[in-house]
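Q: Sharing run34.txt below, compact mmCIF, C-alpha atoms:
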```
# COMPACT_ATOMS: atom_id res chain seq x y z
CA MET A 1 -7.75 -16.70 -16.47
CA SER A 2 -9.83 -14.07 -18.22
CA THR A 3 -8.25 -11.16 -20.03
CA ILE A 4 -8.79 -7.51 -19.24
CA PRO A 5 -9.11 -5.20 -22.25
CA ILE A 6 -7.08 -2.04 -21.79
CA THR A 7 -5.66 0.71 -23.95
CA LYS A 8 -1.92 1.20 -24.33
CA ASN A 9 -2.23 4.48 -22.40
CA GLY A 10 -4.16 2.75 -19.63
CA ALA A 11 -1.54 0.02 -19.36
CA GLU A 12 1.21 2.63 -19.11
CA LYS A 13 -0.65 4.37 -16.30
CA LEU A 14 -1.01 1.09 -14.42
CA LYS A 15 2.72 0.39 -14.88
CA GLU A 16 3.59 3.87 -13.59
CA GLU A 17 1.35 3.40 -10.56
CA LEU A 18 2.88 -0.02 -9.87
CA HIS A 19 6.38 1.43 -10.10
CA ARG A 20 5.45 4.26 -7.70
CA LEU A 21 3.93 1.85 -5.20
CA LYS A 22 6.93 -0.50 -5.30
CA HIS A 23 9.72 2.07 -5.33
CA VAL A 24 8.31 5.02 -3.38
CA GLU A 25 5.42 3.93 -1.18
CA ARG A 26 6.74 0.51 -0.12
CA PRO A 27 10.10 1.84 1.17
CA ALA A 28 8.31 4.65 3.02
CA VAL A 29 6.05 2.13 4.79
CA VAL A 30 9.04 -0.03 5.72
CA ILE A 31 10.69 3.03 7.28
CA ALA A 32 7.49 3.89 9.17
CA ILE A 33 7.31 0.33 10.54
CA ALA A 34 10.94 0.44 11.62
CA GLU A 35 10.46 3.79 13.36
CA ALA A 36 7.34 2.56 15.15
CA ARG A 37 9.08 -0.67 16.14
CA ALA A 38 11.94 1.36 17.65
CA GLN A 39 9.49 3.04 20.04
CA GLY A 40 9.24 -0.08 22.15
CA ASP A 41 6.33 -2.27 23.24
CA LEU A 42 4.51 -3.34 20.06
CA SER A 43 1.40 -4.57 21.87
CA GLU A 44 0.41 -1.01 22.78
CA ASN A 45 1.91 0.79 19.79
CA ALA A 46 -0.83 2.33 17.63
CA GLU A 47 1.70 3.75 15.17
CA TYR A 48 3.08 0.27 14.55
CA ASP A 49 -0.40 -1.15 14.01
CA ALA A 50 -1.26 1.67 11.60
CA ALA A 51 1.97 1.19 9.64
CA ARG A 52 1.38 -2.57 9.38
CA GLU A 53 -2.19 -1.96 8.19
CA GLU A 54 -0.90 0.50 5.59
CA GLN A 55 1.64 -2.10 4.47
CA SER A 56 -1.10 -4.70 4.12
CA GLN A 57 -3.24 -2.39 1.99
CA LEU A 58 -0.25 -1.39 -0.13
CA GLU A 59 0.71 -5.01 -0.81
CA ALA A 60 -2.89 -5.74 -1.83
CA LYS A 61 -2.83 -2.83 -4.30
CA ILE A 62 0.49 -4.02 -5.73
CA SER A 63 -0.83 -7.54 -6.13
CA ASP A 64 -4.01 -6.28 -7.80
CA LEU A 65 -2.07 -4.15 -10.29
CA GLU A 66 0.32 -6.99 -11.09
CA ASN A 67 -2.63 -9.31 -11.73
CA LYS A 68 -4.37 -6.76 -13.96
CA LEU A 69 -1.23 -6.18 -16.00
CA ALA A 70 -0.57 -9.91 -16.30
CA SER A 71 -4.03 -10.53 -17.74
CA ALA A 72 -4.30 -7.34 -19.79
CA THR A 73 -4.92 -7.34 -23.50
CA ILE A 74 -3.86 -4.10 -25.20
CA LEU A 75 -6.58 -2.73 -27.48
CA ASP A 76 -6.34 0.00 -30.07
CA PRO A 77 -9.37 2.29 -29.52
CA LYS A 78 -9.36 3.24 -33.23
CA GLN A 79 -10.13 -0.36 -34.19
CA ILE A 80 -13.10 -0.74 -31.85
CA LYS A 81 -16.49 -0.21 -33.48
```
Would you mind giving the structure from this file in C-alpha cells?

A:
Amino acid sequence: MSTIPITKNGAEKLKEELHRLKHVERPAVVIAIAEARAQGDLSENAEYDAAREEQSQLEAKISDLENKLASATILDPKQIK
C-alpha cells in the first residue's frame, strides 16, 4: 500500500470530516431511510431510493477517508525543501 503525504493540519481536517460523516450525516440518512420505508410500497418510493443512494455515497466517502488516513504519512512543511 502506498503512503499519502499529508500535513498534520490536513490530517486533522480529514479526521474532523470523518467524525462528522459518521456521527452526524450517517444517523440522518438512517432516519431518512426509516421515514421513507414507513411510507409503504418501496418499489414505487422515490424518497426511499434517494435515501439509499445518499447512504451509498456517504459510505463510499467514509471508506475513502478511512483509507486515506490509514495510509497517511504526516509531514512537517517546514522540513520540505

Q: Using only C-alpha atoms, which residues sit within 12 Å of A:Glu35 once same-chain residues fewer than 5 positions away are excluded, as a ChimeraX atom specification?

A: /A:28-30,40,42,45,47-49,51-52

Q: Would you write out those residues with C-alpha atoms, as an mmCIF file, in the frame of the given file?

A:
```cif
data_model
loop_
_atom_site.group_PDB
_atom_site.id
_atom_site.type_symbol
_atom_site.label_atom_id
_atom_site.label_comp_id
_atom_site.auth_asym_id
_atom_site.auth_seq_id
_atom_site.Cartn_x
_atom_site.Cartn_y
_atom_site.Cartn_z
ATOM 1 C CA ALA A 28 8.310 4.650 3.020
ATOM 2 C CA VAL A 29 6.050 2.130 4.790
ATOM 3 C CA VAL A 30 9.040 -0.030 5.720
ATOM 4 C CA GLY A 40 9.240 -0.080 22.150
ATOM 5 C CA LEU A 42 4.510 -3.340 20.060
ATOM 6 C CA ASN A 45 1.910 0.790 19.790
ATOM 7 C CA GLU A 47 1.700 3.750 15.170
ATOM 8 C CA TYR A 48 3.080 0.270 14.550
ATOM 9 C CA ASP A 49 -0.400 -1.150 14.010
ATOM 10 C CA ALA A 51 1.970 1.190 9.640
ATOM 11 C CA ARG A 52 1.380 -2.570 9.380
#
```

Q: Rounded to one decimal, what separation in Å do you get between atom CA of A:Glu66 and atom CA of A:Arg37?

A: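 Between atom CA of A:Glu66 and atom CA of A:Arg37 the gap is 29.3 Å.
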
Q: Interatomic distance between atom CA of A:Leu21 and atom CA of A:Pro77?

A: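 Computed distance, atom CA of A:Leu21 to atom CA of A:Pro77, equals 27.7 Å.
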
Q: Pick out the residues sitting within 12 Å of A:Gly10, and hand them over as an NGL selection string; count all atoms listed in the file, and ignore anything fewer than 3 positions along from it in its own chain.

A: :A and (4-7 or 13-17 or 65 or 68-69 or 72-77)

Q: Would you please work out which residue, of A:Ile80, A:Gln55, A:Asp64, A:Ala70, is nearest to A:Glu25 when using only C-alpha atoms?

A: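 The shortest atom-to-atom distance to A:Glu25 comes from A:Gln55.
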
Q: Distance atom CA of A:Asn9-atom CA of A:Ala60, one decimal place?

A: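 Distance between the two atoms: 23.0 Å.
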
Q: Rank nothing, just name the residue among A:Ile33, A:Lys8, A:Gln79, A:Thr3 nearest to A:Ser56, using only C-alpha atoms.

A: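 The shortest atom-to-atom distance to A:Ser56 comes from A:Ile33.
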
Q: My list of candidates is A:Leu18, A:Ala34, A:Glu54, A:Glu12. Which is closest to A:Asn67 when distances are computed with all atoms listed in the file?

A: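 Of the candidates, the smallest distance to A:Asn67 is held by A:Leu18.
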